$ cat run-v8.txt   # compact mmCIF, C-alpha atoms
# COMPACT_ATOMS: atom_id res chain seq x y z
CA GLY W 1 -55.49 50.28 -200.52
CA ALA W 2 -56.91 52.21 -197.57
CA HIS W 3 -54.42 55.03 -198.08
CA PHE W 4 -55.34 55.21 -201.77
CA TYR W 5 -59.06 55.53 -201.03
CA ALA W 6 -58.51 58.14 -198.35
CA THR W 7 -56.42 60.20 -200.74
CA CYS W 8 -59.12 60.03 -203.42
CA TRP W 9 -61.84 61.08 -201.01
CA ARG W 10 -59.80 64.08 -199.85
CA CYS W 11 -59.26 65.15 -203.47
CA LEU W 12 -62.92 64.77 -204.33
CA ALA W 13 -64.02 66.69 -201.26
CA ALA W 14 -61.56 69.48 -201.99
CA CYS W 15 -62.87 70.17 -205.49
CA ARG W 16 -66.49 69.21 -204.63
CA VAL W 17 -66.92 67.22 -207.77
CA GLY W 18 -66.31 63.58 -208.55
CA LEU W 19 -64.47 63.96 -211.83
CA LEU W 20 -63.20 60.54 -212.68
CA SER W 21 -61.35 59.24 -215.69
CA LEU W 22 -60.34 55.64 -216.14
CA ARG W 23 -57.72 54.63 -218.69
CA LYS W 24 -57.57 50.98 -219.50
CA ASN W 25 -54.12 49.67 -220.34
CA ARG W 26 -54.03 47.84 -223.64
CA ASN W 27 -51.21 45.57 -222.51
CA ALA W 28 -52.60 42.90 -220.19
CA ASN W 29 -49.09 42.18 -218.79
CA SER W 30 -48.36 45.80 -217.82
CA ARG W 31 -49.41 47.74 -214.74
CA PRO W 32 -53.10 48.02 -213.80
CA ALA W 33 -55.21 50.86 -215.18
CA ASP W 34 -54.44 54.36 -213.94
CA LEU W 35 -56.95 56.49 -212.07
CA ARG W 36 -56.99 60.24 -212.77
CA VAL W 37 -58.48 62.66 -210.27
CA VAL W 38 -58.45 66.42 -209.86
CA ASN W 39 -56.18 67.69 -207.10
CA ARG W 40 -56.68 70.80 -204.95
CA ARG W 41 -55.08 73.01 -207.60
CA GLY W 42 -57.51 71.85 -210.26
CA LEU W 43 -54.86 69.80 -212.09
CA TRP W 44 -55.14 66.21 -213.19
CA THR W 45 -53.15 63.81 -210.97
CA ARG W 46 -52.50 60.18 -211.92
CA VAL W 47 -52.41 57.54 -209.20
CA GLN W 48 -52.02 53.80 -209.61
CA ALA W 49 -54.99 51.61 -208.76
CA ARG W 50 -54.79 47.95 -207.74
CA GLN W 51 -58.48 47.12 -207.48
CA PRO W 52 -60.76 45.97 -210.31
CA ARG W 53 -62.25 48.82 -212.33
CA SER W 54 -65.85 48.17 -211.24
CA ALA W 55 -64.86 48.02 -207.58
CA ARG W 56 -63.07 51.37 -207.80
CA LEU W 57 -66.07 53.04 -209.40
CA TRP W 58 -68.51 51.76 -206.83
CA HIS W 59 -66.22 52.65 -203.95
CA LEU W 60 -65.91 56.26 -205.09
CA ARG W 61 -69.69 56.42 -205.32
CA GLY W 62 -70.02 55.19 -201.77
CA GLU W 63 -71.99 52.10 -202.82
CA ARG W 64 -71.47 48.40 -202.74
CA PRO W 65 -70.23 46.65 -205.87
CA ASN W 66 -72.92 45.03 -207.95
CA PRO W 67 -71.59 42.79 -210.72
CA ARG W 68 -74.87 43.08 -212.59
CA THR W 69 -74.81 46.88 -212.75
CA ARG W 70 -72.67 48.77 -215.23
CA PRO W 71 -71.85 52.48 -214.94
CA LYS W 72 -74.01 54.54 -217.25
CA MET W 73 -71.31 56.18 -219.31
CA VAL W 74 -73.81 57.78 -221.71
CA THR W 75 -75.41 60.09 -219.14
CA LYS W 76 -73.20 63.09 -219.88
CA ALA W 77 -73.42 62.55 -223.62
CA ALA W 78 -77.22 62.45 -223.41
CA ALA W 79 -77.25 65.67 -221.39
CA VAL W 80 -75.04 67.42 -223.93
CA LEU W 81 -77.25 66.21 -226.78
CA ALA W 82 -80.35 67.48 -224.99
CA CYS W 83 -78.74 70.89 -224.56
CA LEU W 84 -77.82 71.03 -228.24
CA LEU W 85 -81.35 70.08 -229.29
CA GLY W 86 -82.80 72.68 -226.93
CA ALA W 87 -80.50 75.35 -228.35
CA ALA W 88 -81.49 74.40 -231.89
CA ALA W 89 -85.19 74.66 -231.02
CA ALA W 90 -84.63 78.02 -229.31
CA ALA W 91 -82.95 79.33 -232.47
CA GLU W 92 -86.11 78.88 -234.53
CA PRO W 93 -88.09 82.07 -235.32
CA TYR W 94 -91.41 82.43 -233.54
CA GLN W 95 -94.39 84.76 -233.73
CA VAL W 96 -96.35 86.71 -231.13
CA GLU W 97 -99.77 88.21 -231.82
CA PHE W 98 -100.74 91.35 -229.93
CA GLU W 99 -104.35 92.38 -229.44
CA ILE W 100 -104.53 95.99 -228.28
CA THR W 101 -107.05 98.68 -227.52
CA LEU W 102 -106.23 101.75 -229.61
CA LYS W 103 -108.91 103.85 -227.97
CA LYS W 104 -112.14 103.21 -226.15
CA GLY W 105 -114.23 100.76 -228.17
CA GLU W 106 -111.58 100.17 -230.86
CA LYS W 107 -109.39 97.07 -230.83
CA ALA W 108 -106.83 95.90 -233.36
CA LYS W 109 -104.00 93.40 -233.80
CA PHE W 110 -100.42 93.22 -234.98
CA THR W 111 -97.95 90.32 -235.18
CA VAL W 112 -94.25 90.31 -234.38
CA GLU W 113 -91.87 87.65 -235.67
CA VAL W 114 -88.77 87.08 -233.52
CA TYR W 115 -85.43 85.96 -234.95
CA PRO W 116 -83.06 84.55 -232.29
CA ASP W 117 -80.12 84.69 -234.68
CA TRP W 118 -80.42 88.50 -234.72
CA ALA W 119 -80.19 88.85 -230.93
CA PRO W 120 -80.27 85.54 -229.00
CA LEU W 121 -80.49 87.01 -225.51
CA GLY W 122 -83.10 89.56 -226.48
CA ALA W 123 -85.20 86.92 -228.24
CA ALA W 124 -85.02 84.64 -225.20
CA ARG W 125 -86.07 87.46 -222.85
CA PHE W 126 -88.98 88.43 -225.09
CA ARG W 127 -90.20 84.82 -225.02
CA GLU W 128 -89.82 84.78 -221.24
CA ILE W 129 -91.94 87.92 -220.95
CA ILE W 130 -94.67 86.52 -223.20
CA ASP W 131 -94.76 83.24 -221.26
CA ALA W 132 -95.02 85.14 -217.96
CA GLY W 133 -97.94 87.28 -219.22
CA ILE W 134 -96.75 90.44 -217.49
CA TRP W 135 -97.78 92.79 -220.31
CA LYS W 136 -101.52 92.35 -219.93
CA ALA W 137 -103.02 95.87 -219.68
CA ALA W 138 -99.55 97.44 -220.10
CA ARG W 139 -99.73 100.91 -221.64
CA PHE W 140 -97.87 102.29 -224.66
CA PHE W 141 -96.52 105.10 -222.49
CA ARG W 142 -93.99 106.70 -224.83
CA VAL W 143 -95.08 107.40 -228.41
CA VAL W 144 -93.01 109.78 -230.52
CA SER W 145 -94.36 110.32 -234.03
CA GLY W 146 -91.69 109.86 -236.68
CA PHE W 147 -89.51 107.93 -234.24
CA MET W 148 -90.87 104.99 -232.22
CA VAL W 149 -93.48 103.60 -229.79
CA GLN W 150 -92.33 102.21 -226.44
CA TRP W 151 -93.93 99.97 -223.81
CA GLY W 152 -93.05 97.17 -221.42
CA ILE W 153 -93.40 98.33 -217.81
CA PRO W 154 -95.90 95.91 -216.21
CA GLY W 155 -99.13 97.49 -215.01
CA LYS W 156 -98.73 95.98 -211.54
CA PRO W 157 -96.06 97.69 -209.41
CA SER W 158 -95.07 94.40 -207.77
CA ALA W 159 -94.33 92.81 -211.15
CA ALA W 160 -92.55 95.96 -212.32
CA ALA W 161 -90.31 95.89 -209.24
CA GLU W 162 -89.49 92.21 -209.72
CA TRP W 163 -88.63 92.42 -213.40
CA ARG W 164 -86.74 95.67 -213.07
CA GLU W 165 -83.95 93.69 -211.40
CA LYS W 166 -83.82 90.99 -214.09
CA LYS W 167 -81.29 92.64 -216.35
CA ILE W 168 -79.73 90.85 -219.31
CA THR W 169 -76.47 91.53 -221.09
CA ASP W 170 -76.39 93.25 -224.47
CA ASP W 171 -76.49 91.47 -227.81
CA PRO W 172 -74.21 92.65 -230.64
CA VAL W 173 -76.13 94.65 -233.24
CA ALA W 174 -76.67 92.29 -236.17
CA LYS W 175 -79.69 93.99 -237.76
CA SER W 176 -80.39 97.66 -238.41
CA ASN W 177 -83.22 99.54 -236.66
CA GLU W 178 -85.41 99.77 -239.72
CA ARG W 179 -89.10 100.61 -239.79
CA GLY W 180 -91.11 97.88 -238.10
CA THR W 181 -88.24 96.30 -236.18
CA ILE W 182 -88.61 95.71 -232.44
CA THR W 183 -85.77 96.41 -230.02
CA PHE W 184 -85.18 96.47 -226.26
CA ALA W 185 -84.86 99.88 -224.63
CA THR W 186 -81.88 100.38 -222.34
CA SER W 187 -80.66 102.75 -219.64
CA GLY W 188 -77.01 101.91 -220.23
CA LYS W 189 -74.76 98.92 -220.82
CA ASP W 190 -76.28 95.50 -220.01
CA SER W 191 -79.47 97.05 -218.61
CA ARG W 192 -82.25 95.49 -220.71
CA THR W 193 -85.27 94.31 -218.71
CA THR W 194 -88.84 94.41 -220.12
CA GLN W 195 -89.14 97.66 -222.07
CA VAL W 196 -89.19 97.45 -225.86
CA PHE W 197 -89.97 99.74 -228.77
CA ILE W 198 -91.01 99.45 -232.40
CA ASN W 199 -89.41 101.79 -234.92
CA PHE W 200 -91.89 103.93 -236.88
CA VAL W 201 -89.16 104.82 -239.38
CA ASP W 202 -85.62 103.78 -240.22
CA ASN W 203 -83.56 104.78 -237.18
CA LYS W 204 -80.14 103.58 -238.27
CA ASN W 205 -78.50 106.04 -235.90
CA LEU W 206 -79.54 103.69 -233.08
CA ASP W 207 -77.36 100.90 -234.47
CA GLY W 208 -74.16 102.58 -233.37
CA MET W 209 -75.63 103.16 -229.91
CA GLY W 210 -75.96 99.42 -229.24
CA PHE W 211 -79.72 98.98 -229.80
CA SER W 212 -80.07 95.47 -231.19
CA PRO W 213 -83.34 94.52 -232.96
CA PHE W 214 -84.55 90.97 -232.30
CA GLY W 215 -87.64 90.86 -234.51
CA LYS W 216 -90.02 92.80 -236.73
CA VAL W 217 -93.70 93.44 -237.32
CA ILE W 218 -94.86 91.13 -240.09
CA ALA W 219 -98.57 91.98 -239.96
CA GLY W 220 -100.58 94.93 -238.71
CA MET W 221 -98.03 97.73 -238.98
CA GLU W 222 -100.97 100.05 -239.63
CA THR W 223 -102.15 99.16 -236.12
CA VAL W 224 -98.78 100.14 -234.67
CA ASP W 225 -98.95 103.44 -236.58
CA ALA W 226 -102.40 104.11 -235.04
CA ILE W 227 -101.30 103.75 -231.39
CA TYR W 228 -102.30 106.89 -229.49
CA ALA W 229 -99.51 109.47 -229.59
CA GLY W 230 -101.24 112.45 -227.97
CA HIS W 231 -99.23 112.29 -224.72
CA GLY W 232 -95.85 111.95 -226.39
CA GLU W 233 -93.18 111.47 -223.72
CA SER W 234 -95.13 113.04 -220.86
CA PRO W 235 -95.75 109.96 -218.66
CA ASP W 236 -93.18 109.67 -215.88
CA GLN W 237 -91.48 106.27 -216.00
CA GLY W 238 -90.55 106.43 -212.33
CA ARG W 239 -94.18 106.83 -211.34
CA ILE W 240 -95.23 104.08 -213.74
CA GLN W 241 -92.77 101.77 -211.98
CA SER W 242 -93.98 102.66 -208.50
CA GLU W 243 -97.70 103.29 -209.08
CA GLY W 244 -98.48 101.22 -212.16
CA ASN W 245 -101.65 101.61 -214.18
CA SER W 246 -103.44 103.54 -211.44
CA TYR W 247 -101.19 106.49 -212.25
CA LEU W 248 -101.60 106.17 -216.01
CA LYS W 249 -105.37 105.68 -215.95
CA LYS W 250 -105.79 108.81 -213.87
CA SER W 251 -103.31 111.09 -215.61
CA PHE W 252 -103.23 109.69 -219.18
CA PRO W 253 -106.53 107.84 -219.75
CA ALA W 254 -106.29 107.95 -223.56
CA LEU W 255 -103.18 105.74 -223.80
CA SER W 256 -103.50 102.64 -225.98
CA TYR W 257 -102.82 99.38 -224.15
CA ILE W 258 -102.27 95.64 -224.58
CA ASN W 259 -105.14 93.21 -224.07
CA SER W 260 -103.11 90.10 -224.82
CA ALA W 261 -99.79 88.96 -226.25
CA THR W 262 -99.98 85.37 -227.44
CA LEU W 263 -97.40 83.02 -228.85
CA VAL W 264 -98.56 81.63 -232.19
CA SER W 265 -97.20 78.98 -234.51
CA SER W 266 -94.43 80.12 -236.83
CA THR W 267 -95.37 77.37 -239.31
CA PRO W 268 -98.10 78.25 -241.83
CA PRO W 269 -101.20 76.04 -241.41
CA LYS W 270 -101.55 73.25 -243.92
CA ASP W 271 -104.44 73.26 -246.35
CA GLU W 272 -107.04 70.62 -245.65
CA ALA W 273 -107.45 67.97 -248.30

$ encode --input "run-v8.txt" --output "structure tokens"
Amino acid sequence: GAHFYATCWRCLAACRVGLLSLRKNRNANSRPADLRVVNRRGLWTRVQARQPRSARLWHLRGERPNPRTRPKMVTKAAAVLACLLGAAAAAEPYQVEFEITLKKGEKAKFTVEVYPDWAPLGAARFREIIDAGIWKAARFFRVVSGFMVQWGIPGKPSAAAEWREKKITDDPVAKSNERGTITFATSGKDSRTTQVFINFVDNKNLDGMGFSPFGKVIAGMETVDAIYAGHGESPDQGRIQSEGNSYLKKSFPALSYINSATLVSSTPPKDEA
């Protein structure tokens, strides 16, 4: 008895988890139920137990037996179910409405719909960015007519420095970079952070380079087309990262920028009776 418990505790301490499996013998006249634990090599080891099942469970938990309390065997199943439900909810398309300033005194809107089945990791990161609100006042710093418009570096250097380190792995390309699609910019393999771009035209050549769209503009593409393009690719991304909007306001004051990016319902409103 004592030797059995000591052995179990050493095994549990070695693997740092209390993985326990009880197998009840169907034959009442045969040996007692076997206890399976994980040994130091990560392999299942079967040892014979002489104590009642409830007593063994409570002993391994370091608690006193309570005949009125039953182990909650559904805990893991409930956790798995919750994860599956969460994944299903995350896979639903969602919409984000952007309100932007095109130029001084002129505001406009466009709406992006995100499809997690196109690029799950990219869609999740986009949602994370929207929830964090780091794009408020962010400038459209790279606008190439006939190609794309790029943004995403936060206007505050502290936020830019924090998110620059939050890289995510690449998604396989499941959708082509057609006009109106939105895609994460990269600086190499598994380097996506917060910078994204919208394609002005069909840029199918980007597909083979690993650029994976995760959504598309479903309303207001004329607004995207009107984003100020006079500075082209002149703004220095390194200085944007280190100096933020202070650099852009001084050197490129005409850049269009984001006022707000808001998550909206993906379900059309119901007509009132």

$ residues_near_point --input "run-v8.txt" --point "(-98.0, 91.6, -245.5)" --cutoff "12 Å" --atoms "all atoms listed in the file" --output "MDAnalysis selection string"
chainID W and resid 110:112 180 216:222

$ write_last_selection --input "run-v8.txt" --atoms "C-alpha atoms" --output "short mmCIF file (atom, residue, chain, number, x, y, z; two decimals), in the frame of the given file"
data_model
loop_
_atom_site.label_atom_id
_atom_site.label_comp_id
_atom_site.auth_asym_id
_atom_site.auth_seq_id
_atom_site.Cartn_x
_atom_site.Cartn_y
_atom_site.Cartn_z
CA PHE W 110 -100.42 93.22 -234.98
CA THR W 111 -97.95 90.32 -235.18
CA VAL W 112 -94.25 90.31 -234.38
CA GLY W 180 -91.11 97.88 -238.10
CA LYS W 216 -90.02 92.80 -236.73
CA VAL W 217 -93.70 93.44 -237.32
CA ILE W 218 -94.86 91.13 -240.09
CA ALA W 219 -98.57 91.98 -239.96
CA GLY W 220 -100.58 94.93 -238.71
CA MET W 221 -98.03 97.73 -238.98
CA GLU W 222 -100.97 100.05 -239.63
#

$ atom_distance --input "run-v8.txt" --atom1 "atom CA of Ala160 of chain W" --atom2 "atom CA of Gly133 of chain W"
12.3 Å

$ atom_distance --input "run-v8.txt" --atom1 "atom CA of Thr169 of chain W" --atom2 "atom CA of Phe126 of chain W"
13.5 Å

$ closest_residue --input "run-v8.txt" --among "W:Lys104, W:His231, W:Arg192, W:Lys175" --to "Ser145 of chain W" --atoms "all atoms listed in the file"
W:His231

$ atom_distance --input "run-v8.txt" --atom1 "atom CA of Glu92 of chain W" --atom2 "atom CA of Pro213 of chain W"
16.0 Å

$ closest_residue --input "run-v8.txt" --among "W:Glu99, W:Glu106, W:Asp170, W:Glu113" --to "Trp135 of chain W" --atoms "only C-alpha atoms"
W:Glu99

$ residues_around --input "run-v8.txt" --residues "Ser242 of chain W" --least-positions-apart "2" --cutoff "8 Å" --atoms "all atoms listed in the file" --output "ChimeraX atom specification"
/W:157,160-161,238-240,244

$ closest_residue --input "run-v8.txt" --among "W:Gln150, W:Asp236, W:Leu255, W:Ala226" --to "Ala108 of chain W" --atoms "all atoms listed in the file"
W:Ala226

$ closest_residue --input "run-v8.txt" --among "W:Val96, W:Ile168, W:Ala185, W:Ala91" --to "Asp131 of chain W" --atoms "all atoms listed in the file"
W:Val96

$ closest_residue --input "run-v8.txt" --among "W:Phe140, W:Phe184, W:Trp163, W:Trp151" --to "Lys103 of chain W" --atoms "all atoms listed in the file"
W:Phe140

$ decode --input "run-v8.txt" --residues "segment 133-144 of chain W" --atoms "all heavy atoms" --output "mmCIF file, in the first residue's frame"
data_model
loop_
_atom_site.group_PDB
_atom_site.id
_atom_site.type_symbol
_atom_site.label_atom_id
_atom_site.label_comp_id
_atom_site.auth_asym_id
_atom_site.auth_seq_id
_atom_site.Cartn_x
_atom_site.Cartn_y
_atom_site.Cartn_z
ATOM 1 N N GLY W 133 -7.722 48.355 -30.979
ATOM 2 C CA GLY W 133 -7.875 49.761 -31.355
ATOM 3 C C GLY W 133 -6.578 50.481 -31.673
ATOM 4 O O GLY W 133 -6.495 51.716 -31.517
ATOM 5 N N ILE W 134 -5.580 49.770 -32.150
ATOM 6 C CA ILE W 134 -4.264 50.389 -32.362
ATOM 7 C C ILE W 134 -4.148 51.145 -33.683
ATOM 8 O O ILE W 134 -3.131 51.799 -33.927
ATOM 9 C CB ILE W 134 -3.147 49.332 -32.286
ATOM 10 C CG1 ILE W 134 -3.342 48.269 -33.381
ATOM 11 C CG2 ILE W 134 -3.094 48.703 -30.915
ATOM 12 C CD1 ILE W 134 -2.163 47.317 -33.500
ATOM 13 N N TRP W 135 -5.174 51.078 -34.526
ATOM 14 C CA TRP W 135 -5.106 51.758 -35.819
ATOM 15 C C TRP W 135 -5.733 53.140 -35.819
ATOM 16 O O TRP W 135 -5.779 53.797 -36.861
ATOM 17 C CB TRP W 135 -5.766 50.910 -36.897
ATOM 18 C CG TRP W 135 -4.887 49.797 -37.397
ATOM 19 C CD1 TRP W 135 -3.547 49.626 -37.175
ATOM 20 C CD2 TRP W 135 -5.291 48.713 -38.237
ATOM 21 N NE1 TRP W 135 -3.089 48.499 -37.803
ATOM 22 C CE2 TRP W 135 -4.150 47.910 -38.470
ATOM 23 C CE3 TRP W 135 -6.496 48.323 -38.812
ATOM 24 C CZ2 TRP W 135 -4.177 46.759 -39.253
ATOM 25 C CZ3 TRP W 135 -6.530 47.182 -39.581
ATOM 26 C CH2 TRP W 135 -5.382 46.406 -39.805
ATOM 27 N N LYS W 136 -6.184 53.616 -34.701
ATOM 28 C CA LYS W 136 -6.765 54.955 -34.647
ATOM 29 C C LYS W 136 -5.688 55.971 -35.039
ATOM 30 O O LYS W 136 -4.594 55.983 -34.466
ATOM 31 C CB LYS W 136 -7.299 55.271 -33.253
ATOM 32 C CG LYS W 136 -7.972 56.629 -33.145
ATOM 33 C CD LYS W 136 -8.557 56.834 -31.763
ATOM 34 C CE LYS W 136 -9.157 58.238 -31.623
ATOM 35 N NZ LYS W 136 -10.228 58.505 -32.607
ATOM 36 N N ALA W 137 -5.987 56.798 -36.025
ATOM 37 C CA ALA W 137 -5.081 57.824 -36.550
ATOM 38 C C ALA W 137 -3.915 57.253 -37.352
ATOM 39 O O ALA W 137 -3.002 57.992 -37.736
ATOM 40 C CB ALA W 137 -4.546 58.727 -35.448
ATOM 41 N N ALA W 138 -3.920 55.946 -37.633
ATOM 42 C CA ALA W 138 -2.862 55.344 -38.453
ATOM 43 C C ALA W 138 -2.975 55.844 -39.888
ATOM 44 O O ALA W 138 -4.071 55.950 -40.448
ATOM 45 C CB ALA W 138 -2.949 53.828 -38.407
ATOM 46 N N ARG W 139 -1.830 56.155 -40.491
ATOM 47 C CA ARG W 139 -1.795 56.694 -41.844
ATOM 48 C C ARG W 139 -1.696 55.600 -42.912
ATOM 49 O O ARG W 139 -1.101 54.543 -42.668
ATOM 50 C CB ARG W 139 -0.594 57.624 -41.997
ATOM 51 C CG ARG W 139 -0.856 59.101 -41.751
ATOM 52 C CD ARG W 139 -1.459 59.426 -40.435
ATOM 53 N NE ARG W 139 -1.693 60.884 -40.320
ATOM 54 C CZ ARG W 139 -2.330 61.457 -39.319
ATOM 55 N NH1 ARG W 139 -2.824 60.704 -38.329
ATOM 56 N NH2 ARG W 139 -2.510 62.769 -39.276
ATOM 57 N N PHE W 140 -2.284 55.899 -44.085
ATOM 58 C CA PHE W 140 -2.095 55.055 -45.264
ATOM 59 C C PHE W 140 -0.776 55.519 -45.886
ATOM 60 O O PHE W 140 -0.749 56.412 -46.732
ATOM 61 C CB PHE W 140 -3.266 55.217 -46.229
ATOM 62 C CG PHE W 140 -4.587 54.749 -45.666
ATOM 63 C CD1 PHE W 140 -5.443 55.648 -45.041
ATOM 64 C CD2 PHE W 140 -4.967 53.413 -45.749
ATOM 65 C CE1 PHE W 140 -6.670 55.223 -44.521
ATOM 66 C CE2 PHE W 140 -6.186 52.976 -45.228
ATOM 67 C CZ PHE W 140 -7.032 53.886 -44.608
ATOM 68 N N PHE W 141 0.329 54.927 -45.447
ATOM 69 C CA PHE W 141 1.649 55.474 -45.743
ATOM 70 C C PHE W 141 2.261 54.984 -47.056
ATOM 71 O O PHE W 141 3.264 55.540 -47.511
ATOM 72 C CB PHE W 141 2.621 55.142 -44.599
ATOM 73 C CG PHE W 141 2.824 53.667 -44.362
ATOM 74 C CD1 PHE W 141 3.733 52.944 -45.124
ATOM 75 C CD2 PHE W 141 2.109 53.008 -43.383
ATOM 76 C CE1 PHE W 141 3.924 51.596 -44.917
ATOM 77 C CE2 PHE W 141 2.296 51.652 -43.165
ATOM 78 C CZ PHE W 141 3.211 50.942 -43.937
ATOM 79 N N ARG W 142 1.678 53.975 -47.661
ATOM 80 C CA ARG W 142 2.222 53.465 -48.927
ATOM 81 C C ARG W 142 1.058 53.258 -49.892
ATOM 82 O O ARG W 142 0.262 52.330 -49.732
ATOM 83 C CB ARG W 142 2.972 52.162 -48.700
ATOM 84 C CG ARG W 142 3.672 51.636 -49.953
ATOM 85 C CD ARG W 142 4.392 50.330 -49.672
ATOM 86 N NE ARG W 142 5.062 49.816 -50.865
ATOM 87 C CZ ARG W 142 5.204 48.524 -51.143
ATOM 88 N NH1 ARG W 142 4.750 47.603 -50.311
ATOM 89 N NH2 ARG W 142 5.810 48.145 -52.245
ATOM 90 N N VAL W 143 0.962 54.111 -50.886
ATOM 91 C CA VAL W 143 -0.152 54.053 -51.838
ATOM 92 C C VAL W 143 0.431 54.080 -53.242
ATOM 93 O O VAL W 143 0.991 55.091 -53.680
ATOM 94 C CB VAL W 143 -1.128 55.228 -51.642
ATOM 95 C CG1 VAL W 143 -2.363 55.032 -52.518
ATOM 96 C CG2 VAL W 143 -1.531 55.366 -50.174
ATOM 97 N N VAL W 144 0.303 52.963 -53.943
ATOM 98 C CA VAL W 144 0.850 52.836 -55.289
ATOM 99 C C VAL W 144 -0.317 52.652 -56.258
ATOM 100 O O VAL W 144 -0.974 51.595 -56.258
ATOM 101 C CB VAL W 144 1.825 51.645 -55.386
ATOM 102 C CG1 VAL W 144 2.432 51.582 -56.792
ATOM 103 C CG2 VAL W 144 2.915 51.753 -54.328
#
